[in-house]
Amino acid sequence: MSTPSGPSYADFADRVDTDFVMQLPDGNQVPLVLTECSGEPHSYSLLFKAGSRGPREQGLYRLSADGFGPEVVFLVPVALRPHDSDFPLEYQAIFSSIPVPGGST
């Protein structure tokens, strides 16, 4: 059975309400806060609220926090938060690492 690479559910589960930083391709940074980690270890969803300079496009972004990363995560903008001037954007990341029966992929 193959072992998944990259961040795991455990890497995020204890970091809800933790500040993260999104590194943009131009070198700028956007503040994020992990607001939700739901699911189970093999299939889970993350929600982040983000600062106003966050990109409006889905894509791979480098994320880091104290004691975490940097890790490349595929983020999808899913909502505007018009009543939060500090964090007006919301992103979601979905991870699925369900083992494949038989082993090799």
# chains A, B, ... in the order shown; residues from 1 in each chain; ligands from 1

$ select_by_dssp --residues "chain A" --states "strand (DSSP E or B)" --output "JSON, numbers by chain"
{"A": [19, 20, 21, 22, 23, 29, 30, 31, 32, 33, 34, 35, 36, 37, 38, 39, 40, 43, 44, 45, 46, 47, 48, 49, 50, 59, 60, 61, 62, 63, 64, 65, 68, 69, 70, 71, 72, 73, 74, 75, 76, 77, 78, 79, 80, 89, 90, 91, 92, 93, 94, 95, 96]}

$ write_last_selection --atoms "C-alpha atoms" --output "PDB file, in the first residue's frame"
ATOM      1  CA  ASP A  19      -2.559  32.084  11.704  1.00  0.00           C
ATOM      2  CA  PHE A  20      -1.068  30.936   8.403  1.00  0.00           C
ATOM      3  CA  VAL A  21       0.675  32.796   5.601  1.00  0.00           C
ATOM      4  CA  MET A  22       0.009  32.292   1.878  1.00  0.00           C
ATOM      5  CA  GLN A  23       3.055  33.034  -0.274  1.00  0.00           C
ATOM      6  CA  GLN A  29       2.188  37.340   1.457  1.00  0.00           C
ATOM      7  CA  VAL A  30      -1.470  37.068   2.457  1.00  0.00           C
ATOM      8  CA  PRO A  31      -2.558  36.363   6.038  1.00  0.00           C
ATOM      9  CA  LEU A  32      -4.844  33.360   6.520  1.00  0.00           C
ATOM     10  CA  VAL A  33      -6.578  31.807   9.501  1.00  0.00           C
ATOM     11  CA  LEU A  34      -7.558  28.133   9.499  1.00  0.00           C
ATOM     12  CA  THR A  35     -11.211  28.245  10.584  1.00  0.00           C
ATOM     13  CA  GLU A  36     -12.252  24.618  10.115  1.00  0.00           C
ATOM     14  CA  CYS A  37     -10.793  21.134   9.727  1.00  0.00           C
ATOM     15  CA  SER A  38     -13.507  18.547   9.225  1.00  0.00           C
ATOM     16  CA  GLY A  39     -13.728  14.975   8.058  1.00  0.00           C
ATOM     17  CA  GLU A  40     -11.524  12.074   8.977  1.00  0.00           C
ATOM     18  CA  SER A  43     -10.589  12.446   3.644  1.00  0.00           C
ATOM     19  CA  TYR A  44     -10.898  15.941   5.074  1.00  0.00           C
ATOM     20  CA  SER A  45     -11.718  19.544   4.272  1.00  0.00           C
ATOM     21  CA  LEU A  46     -10.104  22.779   5.407  1.00  0.00           C
ATOM     22  CA  LEU A  47     -11.558  26.277   5.419  1.00  0.00           C
ATOM     23  CA  PHE A  48      -9.369  29.362   5.640  1.00  0.00           C
ATOM     24  CA  LYS A  49     -10.338  32.994   5.898  1.00  0.00           C
ATOM     25  CA  ALA A  50      -7.953  35.289   4.043  1.00  0.00           C
ATOM     26  CA  GLY A  59      -4.433  27.267  -7.562  1.00  0.00           C
ATOM     27  CA  LEU A  60      -1.448  25.842  -5.761  1.00  0.00           C
ATOM     28  CA  TYR A  61      -0.196  28.121  -3.008  1.00  0.00           C
ATOM     29  CA  ARG A  62       2.622  27.732  -0.507  1.00  0.00           C
ATOM     30  CA  LEU A  63       1.285  27.876   3.078  1.00  0.00           C
ATOM     31  CA  SER A  64       3.202  28.114   6.317  1.00  0.00           C
ATOM     32  CA  ALA A  65       2.546  28.656  10.020  1.00  0.00           C
ATOM     33  CA  PHE A  68       4.246  24.009   9.887  1.00  0.00           C
ATOM     34  CA  GLY A  69       5.482  23.999   6.320  1.00  0.00           C
ATOM     35  CA  PRO A  70       5.922  25.476   3.990  1.00  0.00           C
ATOM     36  CA  GLU A  71       3.556  23.114   2.165  1.00  0.00           C
ATOM     37  CA  VAL A  72       1.980  23.535  -1.259  1.00  0.00           C
ATOM     38  CA  VAL A  73      -1.826  23.296  -1.011  1.00  0.00           C
ATOM     39  CA  PHE A  74      -4.479  23.583  -3.740  1.00  0.00           C
ATOM     40  CA  LEU A  75      -6.893  26.290  -2.570  1.00  0.00           C
ATOM     41  CA  VAL A  76     -10.254  27.186  -4.084  1.00  0.00           C
ATOM     42  CA  PRO A  77     -11.930  30.513  -3.279  1.00  0.00           C
ATOM     43  CA  VAL A  78     -15.440  29.586  -2.111  1.00  0.00           C
ATOM     44  CA  ALA A  79     -16.956  32.700  -0.514  1.00  0.00           C
ATOM     45  CA  LEU A  80     -16.748  36.416   0.075  1.00  0.00           C
ATOM     46  CA  LEU A  89     -12.176  35.956   1.463  1.00  0.00           C
ATOM     47  CA  GLU A  90     -12.689  32.269   2.183  1.00  0.00           C
ATOM     48  CA  TYR A  91     -10.794  29.336   0.664  1.00  0.00           C
ATOM     49  CA  GLN A  92     -11.318  25.588   0.842  1.00  0.00           C
ATOM     50  CA  ALA A  93      -8.865  22.734   0.443  1.00  0.00           C
ATOM     51  CA  ILE A  94      -9.973  19.106   0.167  1.00  0.00           C
ATOM     52  CA  PHE A  95      -7.653  16.171   0.771  1.00  0.00           C
ATOM     53  CA  SER A  96      -8.362  12.533  -0.003  1.00  0.00           C
TER      54      SER A  96
END

$ select_by_dssp --residues "chain A" --states "alpha helix (DSSP H)" --output "list in words"
Tyr9, Ala10, Asp11, Phe12 and Ala13 of chain A
